[in-house]
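Okay, my_file.txt now, which holds compact mmCIF, C-alpha atoms:
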# COMPACT_ATOMS: atom_id res chain seq x y z
CA MET E 704 -17.42 -21.27 24.17
CA SER E 705 -16.14 -24.10 26.38
CA SER E 706 -13.84 -26.76 24.99
CA LEU E 707 -16.61 -29.31 25.59
CA ASP E 708 -19.01 -27.32 23.43
CA PHE E 709 -16.29 -26.99 20.79
CA ALA E 710 -15.70 -30.75 20.83
CA ASN E 711 -19.43 -31.38 20.43
CA ARG E 712 -19.57 -29.01 17.46
CA ILE E 713 -16.67 -30.89 15.86
CA GLY E 714 -18.47 -34.19 16.42
CA ASN E 715 -21.59 -32.77 14.81
CA HIS E 716 -19.57 -31.36 11.88
CA ALA E 717 -20.91 -27.93 12.83
CA VAL E 718 -17.58 -26.10 12.62
CA ASN E 719 -16.32 -24.10 9.65
CA LEU E 720 -12.98 -25.51 8.56
CA ALA E 721 -10.25 -23.95 6.41
CA ILE E 722 -6.99 -25.45 5.21
CA ILE E 723 -4.24 -23.07 4.14
CA GLY E 724 -2.16 -24.60 1.37
CA GLN E 725 -3.78 -26.77 -1.29
CA GLY E 726 -0.88 -28.79 -2.59
CA TYR E 727 0.10 -32.43 -2.13
CA VAL E 728 -0.70 -32.27 1.60
CA GLY E 729 -3.47 -29.71 2.02
CA LEU E 730 -5.76 -30.84 -0.80
CA PRO E 731 -6.02 -34.54 0.19
CA LEU E 732 -6.60 -33.42 3.78
CA ALA E 733 -9.33 -31.00 2.71
CA VAL E 734 -10.99 -33.74 0.67
CA ALA E 735 -10.84 -36.17 3.61
CA PHE E 736 -12.68 -33.69 5.85
CA ALA E 737 -15.18 -32.84 3.10
CA ARG E 738 -15.97 -36.51 2.56
CA ALA E 739 -16.47 -36.87 6.32
CA GLY E 740 -19.23 -34.28 6.16
CA PHE E 741 -17.46 -31.02 6.93
CA SER E 742 -17.74 -27.88 4.82
CA VAL E 743 -14.14 -27.11 3.87
CA ILE E 744 -12.52 -24.05 2.34
CA GLY E 745 -9.12 -24.51 0.74
CA ILE E 746 -6.98 -21.36 0.77
CA ASP E 747 -3.96 -20.91 -1.46
CA THR E 748 -1.93 -17.93 -2.70
CA ASP E 749 -1.27 -19.57 -6.08
CA LEU E 750 -4.00 -18.02 -8.23
CA ASP E 751 -3.52 -20.55 -11.05
CA ARG E 752 -3.97 -23.42 -8.61
CA VAL E 753 -7.04 -21.82 -7.04
CA GLY E 754 -8.56 -21.30 -10.48
CA ALA E 755 -7.94 -24.92 -11.40
CA LEU E 756 -9.43 -26.18 -8.14
CA GLN E 757 -12.49 -23.98 -8.56
CA ALA E 758 -12.95 -25.62 -11.97
CA GLY E 759 -12.67 -29.05 -10.37
CA GLN E 760 -9.18 -29.87 -11.63
CA SER E 761 -7.16 -31.89 -9.12
CA CYS E 762 -3.49 -31.04 -8.61
CA THR E 763 -2.52 -34.26 -6.86
CA PRO E 764 -2.33 -37.89 -8.05
CA ASP E 765 -4.28 -38.93 -4.93
CA LEU E 766 -7.52 -37.29 -6.06
CA ALA E 767 -9.45 -37.73 -9.29
CA SER E 768 -10.86 -34.52 -10.73
CA GLU E 769 -14.36 -36.00 -10.94
CA ASP E 770 -14.28 -36.63 -7.18
CA LEU E 771 -13.32 -33.02 -6.57
CA VAL E 772 -16.15 -31.83 -8.84
CA ALA E 773 -18.62 -33.92 -6.84
CA LEU E 774 -17.55 -32.33 -3.55
CA ILE E 775 -17.81 -28.85 -5.05
CA ARG E 776 -21.33 -29.56 -6.30
CA GLN E 777 -22.31 -30.86 -2.86
CA GLY E 778 -21.10 -27.61 -1.31
CA ARG E 779 -18.50 -29.46 0.75
CA TYR E 780 -15.44 -27.86 -0.80
CA GLU E 781 -14.45 -24.55 -2.29
CA ALA E 782 -11.09 -22.97 -3.09
CA THR E 783 -10.14 -19.34 -2.65
CA SER E 784 -7.18 -16.99 -2.32
CA ASP E 785 -9.15 -14.60 -0.09
CA PHE E 786 -7.90 -14.77 3.50
CA SER E 787 -10.74 -12.55 4.74
CA ILE E 788 -12.86 -15.68 4.81
CA LEU E 789 -10.96 -16.67 7.96
CA GLU E 790 -13.09 -14.23 9.94
CA ARG E 791 -15.87 -16.84 10.07
CA ILE E 792 -13.67 -19.94 10.42
CA ASP E 793 -13.55 -22.07 13.58
CA VAL E 794 -10.79 -24.52 12.65
CA VAL E 795 -7.68 -23.65 10.62
CA ILE E 796 -5.08 -26.17 9.50
CA ILE E 797 -1.83 -24.82 8.05
CA CYS E 798 -0.22 -26.97 5.32
CA VAL E 799 2.19 -24.58 3.61
CA PRO E 800 5.64 -25.34 2.13
CA THR E 801 8.76 -25.28 4.30
CA PRO E 802 11.73 -25.26 1.91
CA LEU E 803 15.40 -24.71 2.66
CA GLY E 804 17.20 -21.47 1.91
CA LYS E 805 20.34 -21.35 -0.23
CA SER E 806 22.47 -21.81 2.89
CA LYS E 807 20.32 -24.82 3.93
CA ASP E 808 18.66 -22.83 6.70
CA PRO E 809 14.93 -23.40 7.27
CA ASP E 810 12.64 -21.05 5.37
CA ILE E 811 9.57 -20.73 7.59
CA SER E 812 8.33 -17.54 5.95
CA TYR E 813 5.27 -19.37 4.58
CA ILE E 814 4.33 -20.58 8.06
CA ILE E 815 4.74 -17.12 9.57
CA ALA E 816 2.73 -15.52 6.75
CA ALA E 817 -0.12 -18.02 7.14
CA ALA E 818 -0.20 -17.76 10.93
CA SER E 819 -0.19 -13.96 10.70
CA GLU E 820 -3.18 -14.04 8.37
CA VAL E 821 -5.07 -16.26 10.82
CA ALA E 822 -4.08 -14.20 13.88
CA ALA E 823 -5.14 -10.97 12.19
CA ARG E 824 -8.66 -12.40 12.11
CA PHE E 825 -8.58 -14.17 15.46
CA HIS E 826 -11.80 -14.55 17.38
CA PRO E 827 -12.40 -16.53 20.59
CA GLY E 828 -13.18 -20.18 20.06
CA GLN E 829 -10.66 -21.17 17.39
CA LEU E 830 -8.55 -24.26 16.87
CA VAL E 831 -5.37 -23.82 14.84
CA VAL E 832 -3.26 -26.81 13.83
CA LEU E 833 0.12 -26.62 12.09
CA GLU E 834 0.93 -29.57 9.82
CA SER E 835 3.86 -28.12 7.89
CA THR E 836 7.13 -29.84 8.74
CA THR E 837 9.40 -27.54 10.71
CA TYR E 838 12.09 -27.47 13.36
CA PRO E 839 11.35 -28.31 17.01
CA GLU E 840 9.66 -25.55 19.07
CA THR E 841 8.27 -23.66 16.07
CA THR E 842 4.68 -24.03 17.27
CA GLU E 843 5.32 -22.71 20.77
CA GLU E 844 8.12 -20.22 20.12
CA LEU E 845 6.91 -18.64 16.89
CA LEU E 846 3.19 -19.26 16.35
CA LEU E 847 1.94 -18.96 19.92
CA PRO E 848 3.31 -15.41 20.47
CA ILE E 849 1.64 -14.24 17.23
CA PHE E 850 -1.76 -15.19 18.64
CA ARG E 851 -1.04 -14.01 22.17
CA GLN E 852 -0.39 -10.54 20.77
CA ARG E 853 -4.03 -10.61 19.62
CA GLY E 854 -5.26 -11.41 23.12
CA ALA E 855 -5.69 -15.15 22.61
CA ARG E 856 -5.62 -17.24 25.80
CA VAL E 857 -4.25 -20.60 24.82
CA GLY E 858 -6.18 -23.54 26.24
CA GLU E 859 -9.15 -21.31 27.11
CA ASP E 860 -10.53 -19.42 24.11
CA PHE E 861 -7.84 -20.46 21.63
CA PHE E 862 -6.39 -23.90 20.95
CA LEU E 863 -3.07 -24.55 19.19
CA ALA E 864 -1.50 -27.88 18.21
CA PHE E 865 0.97 -29.52 15.86
CA SER E 866 0.10 -32.63 13.88
CA PRO E 867 2.71 -33.65 11.30
CA GLU E 868 1.56 -34.43 7.78
CA ARG E 869 2.24 -37.98 6.68
CA ILE E 870 1.06 -37.83 3.09
CA ASP E 871 2.91 -40.07 0.63
CA PRO E 872 1.87 -38.76 -2.81
CA GLY E 873 0.99 -41.51 -5.25
CA ASN E 874 0.89 -44.26 -2.62
CA PRO E 875 -2.09 -46.47 -3.52
CA THR E 876 -2.01 -48.33 -0.20
CA PHE E 877 -1.83 -45.61 2.43
CA LYS E 878 -4.20 -42.67 2.03
CA VAL E 879 -5.04 -39.98 4.60
CA GLY E 880 -7.50 -42.20 6.44
CA ASP E 881 -5.07 -45.13 6.67
CA ILE E 882 -2.31 -43.33 8.54
CA THR E 883 -2.24 -42.69 12.29
CA LYS E 884 -2.22 -38.99 13.18
CA VAL E 885 0.23 -37.80 15.82
CA VAL E 886 -1.09 -34.80 17.76
CA GLY E 887 0.64 -32.58 20.31
CA GLY E 888 -1.09 -29.51 21.72
CA VAL E 889 0.26 -26.57 23.68
CA THR E 890 -2.08 -27.59 26.53
CA SER E 891 -3.94 -30.79 27.28
CA GLU E 892 -7.16 -29.19 26.06
CA CYS E 893 -5.47 -28.21 22.81
CA THR E 894 -4.34 -31.81 22.33
CA ARG E 895 -7.79 -33.18 23.14
CA LEU E 896 -9.59 -30.90 20.69
CA ALA E 897 -7.12 -31.50 17.87
CA ALA E 898 -7.36 -35.26 18.46
CA THR E 899 -11.16 -35.01 18.42
CA LEU E 900 -10.95 -33.26 15.06
CA TYR E 901 -8.68 -35.81 13.42
CA ARG E 902 -10.67 -38.77 14.74
CA GLU E 903 -13.39 -37.67 12.35
CA ILE E 904 -11.19 -38.70 9.40
CA VAL E 905 -8.71 -41.29 10.74
CA PRO E 906 -9.31 -44.35 12.92
CA ARG E 907 -6.18 -43.87 15.02
CA VAL E 908 -4.82 -40.74 16.73
CA HIS E 909 -1.69 -40.87 18.86
CA GLU E 910 -1.56 -38.07 21.44
CA VAL E 911 1.82 -36.85 22.66
CA SER E 912 2.78 -34.51 25.49
CA SER E 913 3.71 -31.41 23.50
CA PRO E 914 4.04 -29.88 20.03
CA LYS E 915 7.80 -30.32 20.30
CA VAL E 916 7.42 -34.10 20.56
CA ALA E 917 5.11 -34.14 17.54
CA GLU E 918 7.52 -31.93 15.57
CA LEU E 919 10.43 -34.21 16.41
CA ALA E 920 8.44 -37.35 15.54
CA LYS E 921 8.01 -36.12 11.98
CA LEU E 922 11.66 -35.18 11.65
CA TYR E 923 12.82 -38.51 13.04
CA GLU E 924 10.64 -40.41 10.56
CA ASN E 925 12.44 -38.76 7.66
CA VAL E 926 15.87 -38.87 9.29
CA PHE E 927 15.32 -42.64 9.54
CA ARG E 928 14.51 -42.87 5.84
CA ASN E 929 17.31 -40.51 4.83
CA VAL E 930 19.96 -42.46 6.75
CA ASN E 931 18.80 -45.86 5.54
CA ILE E 932 18.59 -44.72 1.91
CA ALA E 933 22.14 -43.42 2.28
CA LEU E 934 23.22 -46.79 3.63
CA ALA E 935 21.61 -48.54 0.64
CA ASN E 936 23.26 -46.09 -1.75
CA GLU E 937 26.70 -46.61 -0.26
CA PHE E 938 26.10 -50.36 -0.19
CA ALA E 939 25.41 -50.19 -3.94
CA LEU E 940 28.84 -48.64 -4.45
CA MET E 941 30.40 -51.47 -2.44
CA CYS E 942 28.52 -54.15 -4.38
CA ARG E 943 29.55 -52.61 -7.68
CA ARG E 944 33.20 -52.91 -6.67
CA LEU E 945 32.60 -56.51 -5.67
CA GLY E 946 30.75 -57.34 -8.88
CA VAL E 947 27.40 -58.32 -7.41
CA SER E 948 23.88 -56.91 -7.58
CA ALA E 949 22.96 -54.76 -4.59
CA LYS E 950 19.28 -55.55 -5.16
CA GLU E 951 19.88 -59.28 -5.09
CA VAL E 952 21.77 -58.97 -1.81
CA ILE E 953 19.13 -56.72 -0.24
CA ASP E 954 16.33 -59.02 -1.39
CA ALA E 955 18.14 -61.94 0.23
CA ALA E 956 18.61 -60.02 3.48
CA ALA E 957 14.92 -59.06 3.43
CA THR E 958 13.89 -62.70 3.80
CA LYS E 959 14.75 -62.33 7.50
CA PRO E 960 11.38 -61.85 9.24
CA PHE E 961 12.72 -59.62 12.02
CA GLY E 962 15.36 -56.96 12.61
CA PHE E 963 15.61 -55.85 8.98
CA MET E 964 13.74 -53.46 6.69
CA PRO E 965 14.76 -53.26 3.01
CA PHE E 966 15.82 -49.94 1.49
CA TYR E 967 17.06 -49.83 -2.10
CA PRO E 968 19.63 -47.61 -3.85
CA GLY E 969 18.61 -44.98 -6.37
CA PRO E 970 19.84 -41.92 -8.26
CA GLY E 971 19.48 -39.66 -5.21
CA ILE E 972 16.74 -38.32 -2.99
CA GLY E 973 14.01 -35.86 -3.91
CA GLY E 974 10.66 -34.42 -2.95
CA HIS E 975 9.62 -32.06 -0.20
CA CYS E 976 10.48 -34.31 2.78
CA ILE E 977 13.50 -36.61 2.81
CA PRO E 978 16.13 -34.21 1.37
CA VAL E 979 14.85 -31.29 3.48
CA ASP E 980 13.40 -32.35 6.84
CA PRO E 981 16.56 -33.85 8.41
CA LEU E 982 18.40 -30.59 7.76
CA TYR E 983 15.77 -28.74 9.80
CA LEU E 984 16.74 -30.83 12.80
CA ALA E 985 20.46 -30.51 12.11
CA TRP E 986 20.10 -26.71 11.86
CA LYS E 987 18.23 -26.49 15.15
CA LEU E 988 20.81 -28.57 16.98
CA ARG E 989 23.67 -26.63 15.44
CA LEU E 990 22.28 -23.53 17.15
CA ASP E 991 22.81 -25.40 20.43
CA GLY E 992 26.38 -26.35 19.52
CA TYR E 993 25.67 -29.95 18.50
CA GLU E 994 26.61 -31.43 15.12
CA SER E 995 24.41 -34.32 13.98
CA ARG E 996 26.96 -36.56 12.29
CA PHE E 997 24.59 -39.20 10.92
CA ILE E 998 22.41 -36.58 9.20
CA ALA E 999 25.44 -34.83 7.70
CA LEU E 1000 26.97 -38.08 6.41
CA ALA E 1001 23.67 -39.33 4.97
CA ASP E 1002 23.13 -36.01 3.22
CA GLU E 1003 26.63 -36.16 1.77
CA ILE E 1004 26.17 -39.70 0.44
CA ASN E 1005 22.71 -39.13 -1.00
CA ARG E 1006 23.68 -35.88 -2.70
CA SER E 1007 26.68 -37.59 -4.31
CA MET E 1008 24.49 -40.11 -6.15
CA PRO E 1009 23.75 -37.94 -9.23
CA SER E 1010 27.50 -37.68 -9.87
CA TYR E 1011 27.83 -41.42 -9.40
CA VAL E 1012 25.02 -42.08 -11.92
CA VAL E 1013 26.83 -39.92 -14.48
CA GLU E 1014 30.00 -41.95 -13.96
CA VAL E 1015 28.04 -45.20 -14.40
CA VAL E 1016 26.65 -43.90 -17.70
CA ILE E 1017 30.13 -42.88 -18.88
CA GLU E 1018 31.55 -46.29 -17.97
CA ALA E 1019 28.68 -48.13 -19.68
CA LEU E 1020 29.18 -46.10 -22.87
CA ASN E 1021 32.95 -46.61 -22.77
CA ARG E 1022 32.47 -50.37 -22.71
CA ARG E 1023 30.68 -49.94 -26.03
CA ARG E 1024 33.49 -47.72 -27.36
CA ARG E 1025 31.20 -44.69 -27.18
CA CYS E 1026 32.06 -41.28 -25.75
CA LEU E 1027 29.57 -39.33 -23.62
CA ASN E 1028 30.30 -36.17 -25.61
CA GLY E 1029 27.80 -36.34 -28.46
CA ALA E 1030 26.01 -39.42 -27.15
CA ARG E 1031 22.22 -39.49 -27.31
CA ILE E 1032 20.85 -40.04 -23.82
CA PHE E 1033 17.14 -40.78 -23.53
CA ALA E 1034 15.94 -40.52 -19.94
CA LEU E 1035 12.81 -42.21 -18.62
CA GLY E 1036 11.27 -40.10 -15.86
CA VAL E 1037 12.26 -36.80 -14.28
CA ALA E 1038 9.88 -36.76 -11.27
CA TYR E 1039 11.44 -37.45 -7.90
CA LYS E 1040 9.50 -40.69 -7.41
CA ARG E 1041 7.28 -43.23 -9.13
CA GLY E 1042 3.71 -42.29 -9.95
CA VAL E 1043 3.87 -38.53 -9.31
CA GLY E 1044 4.58 -35.43 -11.39
CA ASP E 1045 6.52 -33.63 -8.66
CA ILE E 1046 10.04 -32.53 -9.64
CA ARG E 1047 10.95 -30.74 -6.40
CA GLU E 1048 14.53 -31.67 -5.44
CA SER E 1049 14.45 -34.37 -8.12
CA PRO E 1050 17.91 -35.88 -8.66
CA ALA E 1051 16.96 -36.56 -12.28
CA LEU E 1052 17.29 -32.89 -13.14
CA GLU E 1053 20.80 -32.67 -11.74
CA ILE E 1054 21.81 -35.85 -13.56
CA LEU E 1055 20.50 -34.61 -16.90
CA SER E 1056 22.14 -31.24 -16.37
CA ARG E 1057 25.50 -32.87 -15.66
CA LEU E 1058 25.20 -35.11 -18.71
CA ARG E 1059 24.36 -32.15 -20.94
CA GLN E 1060 27.28 -30.14 -19.55
CA ARG E 1061 29.56 -32.99 -20.61
CA GLY E 1062 28.29 -32.81 -24.16
CA ALA E 1063 25.49 -35.37 -24.23
CA ASP E 1064 22.37 -34.86 -26.34
CA ILE E 1065 19.52 -35.07 -23.82
CA SER E 1066 15.86 -36.00 -24.28
CA TYR E 1067 13.35 -37.44 -21.84
CA ALA E 1068 9.95 -39.09 -21.44
CA ASP E 1069 7.68 -38.61 -18.46
CA PRO E 1070 3.89 -39.08 -18.71
CA ARG E 1071 3.42 -36.86 -15.64
CA VAL E 1072 5.89 -34.04 -16.39
CA PRO E 1073 5.25 -32.55 -19.85
CA ALA E 1074 8.06 -29.99 -19.68
CA VAL E 1075 11.03 -28.97 -17.53
CA VAL E 1076 13.60 -26.21 -17.54
CA LEU E 1077 17.16 -27.51 -17.59
CA ASP E 1078 19.92 -24.96 -17.03
CA GLY E 1079 17.51 -22.24 -18.08
CA VAL E 1080 16.55 -24.03 -21.28
CA PRO E 1081 12.99 -25.42 -21.72
CA LEU E 1082 12.81 -29.11 -22.55
CA LYS E 1083 9.64 -30.92 -23.58
CA ALA E 1084 8.90 -34.57 -22.98
CA VAL E 1085 8.73 -36.96 -25.93
CA GLU E 1086 7.05 -40.32 -26.27
CA PRO E 1087 9.14 -43.45 -25.60
CA THR E 1088 8.47 -44.87 -29.07
CA ARG E 1089 10.48 -47.67 -30.61
CA GLU E 1090 12.35 -45.10 -32.67
CA THR E 1091 13.33 -42.83 -29.75
CA VAL E 1092 14.40 -45.84 -27.70
CA SER E 1093 16.28 -47.66 -30.46
CA THR E 1094 18.18 -44.59 -31.69
CA ALA E 1095 19.44 -43.63 -28.23
CA ASP E 1096 22.97 -44.56 -27.30
CA CYS E 1097 21.76 -45.03 -23.73
CA VAL E 1098 18.29 -45.24 -22.18
CA LEU E 1099 18.61 -43.97 -18.62
CA ILE E 1100 15.84 -44.96 -16.20
CA LEU E 1101 15.61 -42.28 -13.50
CA THR E 1102 11.97 -42.65 -12.40
CA ASP E 1103 10.23 -46.01 -12.57
CA HIS E 1104 6.77 -44.80 -13.60
CA PRO E 1105 4.27 -47.65 -14.05
CA GLU E 1106 3.29 -46.33 -17.49
CA PHE E 1107 6.59 -47.40 -19.08
CA ASP E 1108 6.76 -50.76 -20.86
CA TYR E 1109 10.12 -51.88 -19.52
CA ARG E 1110 10.19 -55.22 -21.31
CA ARG E 1111 9.72 -53.51 -24.68
CA ILE E 1112 12.32 -50.90 -23.76
CA VAL E 1113 14.88 -53.58 -22.90
CA GLU E 1114 14.13 -55.43 -26.15
CA THR E 1115 14.49 -52.24 -28.22
CA ALA E 1116 17.33 -50.34 -26.55
CA SER E 1117 20.98 -51.04 -27.22
CA LEU E 1118 21.98 -50.00 -23.68
CA VAL E 1119 19.90 -49.40 -20.54
CA VAL E 1120 21.24 -47.84 -17.36
CA ASP E 1121 18.63 -48.61 -14.72
CA THR E 1122 18.90 -46.63 -11.48
CA ARG E 1123 15.60 -47.95 -10.07
CA ASN E 1124 15.78 -51.71 -10.70
CA ALA E 1125 12.74 -51.33 -12.95
CA THR E 1126 14.11 -53.95 -15.36
CA TRP E 1127 14.86 -56.55 -12.67
CA GLY E 1128 14.06 -60.03 -13.93
CA ILE E 1129 13.68 -59.02 -17.58
CA PRO E 1130 15.93 -61.23 -19.76
CA ALA E 1131 18.48 -59.36 -21.86
CA PRO E 1132 21.82 -60.01 -23.58
CA GLU E 1133 24.78 -59.66 -21.25
CA GLY E 1134 25.86 -56.06 -20.84
CA ARG E 1135 22.67 -54.50 -22.20
CA ILE E 1136 21.34 -53.59 -18.74
CA VAL E 1137 23.52 -51.81 -16.19
CA THR E 1138 22.18 -51.21 -12.69
CA LEU E 1139 23.45 -49.40 -9.64

Could you render the structure as C-alpha cells?
Amino acid sequence: MSSLDFANRIGNHAVNLAIIGQGYVGLPLAVAFARAGFSVIGIDTDLDRVGALQAGQSCTPDLASEDLVALIRQGRYEATSDFSILERIDVVIICVPTPLGKSKDPDISYIIAAASEVAARFHPGQLVVLESTTYPETTEELLLPIFRQRGARVGEDFFLAFSPERIDPGNPTFKVGDITKVVGGVTSECTRLAATLYREIVPRVHEVSSPKVAELAKLYENVFRNVNIALANEFALMCRRLGVSAKEVIDAAATKPFGFMPFYPGPGIGGHCIPVDPLYLAWKLRLDGYESRFIALADEINRSMPSYVVEVVIEALNRRRRCLNGARIFALGVAYKRGVGDIRESPALEILSRLRQRGADISYADPRVPAVVLDGVPLKAVEPTRETVSTADCVLILTDHPEFDYRRIVETASLVVDTRNATWGIPAPEGRIVTL
C-alpha cells in the first residue's frame, strides 16, 4: 500500500486503530479518535482496568462513564488485554508508563514490551506512533531496530513517529482536541502520515524534523515547569523569612502583561510528568558527560518541600503551645493535584508519612482517593465534617480539591496550614491560617 493510499484510508476513517495503554493518556486519546468516527481498540495489561472499561466505567476524570458506554454501544470502542488483536491493526499508538527506577534511571521496559508485541505481529502498511515520554533518540535507537528485525522498511511499508502526549488530567479548559500535537517521524513520509492521523482529532499539528526533536520538545516543556515551580518554591522560603505573602507578591508581579508567567509554591511536585521527565533528559546527557545543573537544582528544591511543610506545621503548632507528637493532623487531599485521584509521586504521602513518624495522629479527606497505604499501613479517607475539622489540632491543606468548602473549614478549624493558597481571601482571626 502506498503512503497516499494509507493517508486516504485515514481520512476516510477506514483504518483499524489500537492504543496500547488505557490510563490518563491513552483512554482520552482513544475516546477522541472514537468520537471522530474511528473504530478504536484500547489495549491494557491491567485486567481490572480492562474489565472496568468493558463495563463502561471510566478511569479518568476527563471522561464520564456514560460517554464511554455510548461509544461502546456504537461499536466505536472496546477494551482488551489480548495483543493478538494487533494482527489486524493498521495504526498503533503506544501510551504506556515510563517511570523512574530506584536509581532515577529511566525505566523504558513498558515501551520495549509494547513495541515488541506490535513488531511480533508486524505486517506491511502499518503506522506506529510512540506517545510515552522518554529520553531523546528512543524512537530511532530502540524502537526502529525492533521493527527492522521483522523486515519492516521504514518510510515504505512501515511508518514510525513520535508525538508527545500533552494530557493535563482534570483540566476543564484544555482537552485532547484543544492542544496542538507535535509530530516527528523517522522519515518525511512517517511525519506526514502521523500528522494526517492527528489532524482528524486536533485542529493544529506542528511537524518537526525528527523524532528526537519531538522527544526533546516534551522534555523541555516539563523542565520549564519544573524549574519555574522550584523558583516559586524557593521564593516562598525567602518571603517567609521576610514576613510577606509569596502569593501576594507573585500576583502583583503577574499584573505585568509581558515577560512574566506566574508559578505558585506548593508542597512539592507530583504526577507522572514534572517530577520524572526532566530526569530522563538529565540521565541522557549524563551519559555524554554533561551535568544539567538547572534540572538538578530544581529537583533538589522541589523534593525538599515536603520537609519544609512539616517544619511549617511544627512551627504553627508551637505558636499555639502544642507539640507535634500526639497532635491530631487532619489533611485535606492526598492526590498530587486538584481535581484528580492520582497519587503517583504525590508529595502529600511523604508529608503525612513524616508527620506520622514524628508522632502525629494522621487522618485525611479526599473525595477522589478513598484509601491509601502509608508506610505499609492502610488508611481510609474520612469526611471533612464539622467534628473532624473542629477536633483537629491542625487542618493541613495538601490538595485544593474543588469539593472542599474552604470557608466553612476556616470558620471551624482552630488552625489551618494551607500549602495551596486555597483559603486566600477568606477572612479569619490572625494566626488561624498559615500559608507557605

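The shortest atom-to-atom distance to Pro872 of chain E, with all atoms listed in the file taken into account, belongs to E:Leu730 out of E:Leu730, E:Ile1054, E:Val718, E:Leu789.
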
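For the set E:Glu844, E:Asp980, E:Asp1078, E:Asp1045, the residue with the smallest atom-to-atom gap to Leu1058 of chain E is E:Asp1078, counting all atoms listed in the file.
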
Requested in this report: For atom CA of Thr1126 of chain E and atom CA of Ala1095 of chain E, determine how far apart the two atoms are, in Å to one decimal place.
Outcome: 17.3 Å

Query - Point-to-point distance in Å for atom CA of Asp810 of chain E and atom CA of Gly1044 of chain E - result: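 Taking atom CA of Gly1044 of chain E and atom CA of Asp810 of chain E, their separation equals 23.5 Å.
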
Report summary line: In terms of all atoms listed in the file, the residue from E:Ser787, E:Phe865, E:Met941, E:Ala758 at minimal distance from Ser912 of chain E is E:Phe865

For Arg907 of chain E, work out the shell of residues within 9 Å, counting all atoms listed in the file and skipping chain neighbours fewer than 2 positions away, then give it as an mmCIF file with C-alpha atoms, in the coordinates of the input.
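Final file, out.cif:
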data_model
loop_
_atom_site.group_PDB
_atom_site.id
_atom_site.type_symbol
_atom_site.label_atom_id
_atom_site.label_comp_id
_atom_site.auth_asym_id
_atom_site.auth_seq_id
_atom_site.Cartn_x
_atom_site.Cartn_y
_atom_site.Cartn_z
ATOM 1 C CA GLY E 880 -7.500 -42.200 6.440
ATOM 2 C CA ASP E 881 -5.070 -45.130 6.670
ATOM 3 C CA ILE E 882 -2.310 -43.330 8.540
ATOM 4 C CA THR E 883 -2.240 -42.690 12.290
ATOM 5 C CA LYS E 884 -2.220 -38.990 13.180
ATOM 6 C CA VAL E 885 0.230 -37.800 15.820
ATOM 7 C CA TYR E 901 -8.680 -35.810 13.420
ATOM 8 C CA ARG E 902 -10.670 -38.770 14.740
ATOM 9 C CA VAL E 905 -8.710 -41.290 10.740
ATOM 10 C CA HIS E 909 -1.690 -40.870 18.860
#

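Minimum atom-to-atom distances from E:Glu1053, E:Gln725, E:Arg779, E:Asp749 to Ser761 of chain E were compared using all atoms listed in the file, and the lowest value belongs to E:Gln725.
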
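For the set E:Ala933, E:Val1037, E:Val952, E:Ile1065, the residue with the smallest atom-to-atom gap to Ser1049 of chain E is E:Val1037, counting only C-alpha atoms.
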
Requested in this report: Find the spatial neighbours of Ile1100 of chain E, counting all atoms listed in the file, within a cut-off of 9 Å - ignore same-chain residues fewer than 5 positions away - and output them as a VMD selection string.
Outcome: chain E and resid 1033 to 1036 1119 to 1125

Query - Distance criterion (only C-alpha atoms): nearest to Tyr727 of chain E out of E:Pro1087, E:Gly974, E:Pro1050, E:Gly759 - result: E:Gly974

Requested in this report: Have a look at atom CA of Leu845 of chain E and atom CA of Ala920 of chain E and let me know their distance in Å, one decimal.
Outcome: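 Going from atom CA of Leu845 of chain E over to atom CA of Ala920 of chain E, I get 18.8 Å.
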
Query - Contacts of Glu937 of chain E at 12 Å (all atoms listed in the file; same-chain gap of 6+ positions) as a list in words - result: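 My reading of the contact set: Val930, Asn931, Arg943, Arg944, Ala949, Phe966, Tyr967, Pro968, Gly969, Pro970, Gly971, Leu1000, Ala1001, Asp1002, Glu1003, Ile1004, Asn1005, Arg1006, Ser1007, Met1008, Tyr1011 and Leu1139 of chain E.
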
Requested in this report: Using only C-alpha atoms, collect all residues at a distance of at most 7 Å from (9.0, -58.6, -21.3) as written in the file, then present them as a count of residues only.
Outcome: 3

**Report entry** Nearby residues (all atoms listed in the file) at most 9 Å from His1104 of chain E, same-chain spacing under 3 positions excluded, as a VMD selection string
**Finding:** chain E and resid 1035 to 1036 1038 1040 to 1043 1069 to 1071 1107 1125

Residues near Ile811 of chain E, cut-off 8 Å, only C-alpha atoms, skip fewer than 3 positions along chain, as a CSV table (one decimal) with C-alpha atoms, keeping the file's coordinate frame:
chain,number,residue,atom,x,y,z
E,801,THR,CA,8.8,-25.3,4.3
E,802,PRO,CA,11.7,-25.3,1.9
E,814,ILE,CA,4.3,-20.6,8.1
E,815,ILE,CA,4.7,-17.1,9.6
E,837,THR,CA,9.4,-27.5,10.7

When you write segment 794-800 of chain E out from the block above, keep N, CA and C atoms and present the result as a PDB file, in the first residue's frame, please.
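Wrote it out as decode.pdb, contents follow:
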ATOM      1  N   VAL E 794      -3.036   1.065  12.562  1.00  0.00           N
ATOM      2  CA  VAL E 794      -2.400   2.165  13.292  1.00  0.00           C
ATOM      3  C   VAL E 794      -2.318   1.797  14.767  1.00  0.00           C
ATOM      4  N   VAL E 795      -1.102   1.899  15.335  1.00  0.00           N
ATOM      5  CA  VAL E 795      -0.898   1.606  16.753  1.00  0.00           C
ATOM      6  C   VAL E 795      -0.267   2.826  17.418  1.00  0.00           C
ATOM      7  N   ILE E 796      -0.864   3.257  18.501  1.00  0.00           N
ATOM      8  CA  ILE E 796      -0.301   4.353  19.294  1.00  0.00           C
ATOM      9  C   ILE E 796       0.058   3.792  20.666  1.00  0.00           C
ATOM     10  N   ILE E 797       1.290   4.033  21.095  1.00  0.00           N
ATOM     11  CA  ILE E 797       1.787   3.487  22.359  1.00  0.00           C
ATOM     12  C   ILE E 797       1.760   4.575  23.424  1.00  0.00           C
ATOM     13  N   CYS E 798       0.984   4.348  24.487  1.00  0.00           N
ATOM     14  CA  CYS E 798       0.826   5.315  25.587  1.00  0.00           C
ATOM     15  C   CYS E 798       1.033   4.611  26.919  1.00  0.00           C
ATOM     16  N   VAL E 799       2.175   3.997  27.103  1.00  0.00           N
ATOM     17  CA  VAL E 799       2.434   3.223  28.318  1.00  0.00           C
ATOM     18  C   VAL E 799       3.247   4.048  29.315  1.00  0.00           C
ATOM     19  N   PRO E 800       3.277   3.652  30.582  1.00  0.00           N
ATOM     20  CA  PRO E 800       4.016   4.409  31.597  1.00  0.00           C
ATOM     21  C   PRO E 800       5.525   4.376  31.354  1.00  0.00           C
TER      22      PRO E 800
END
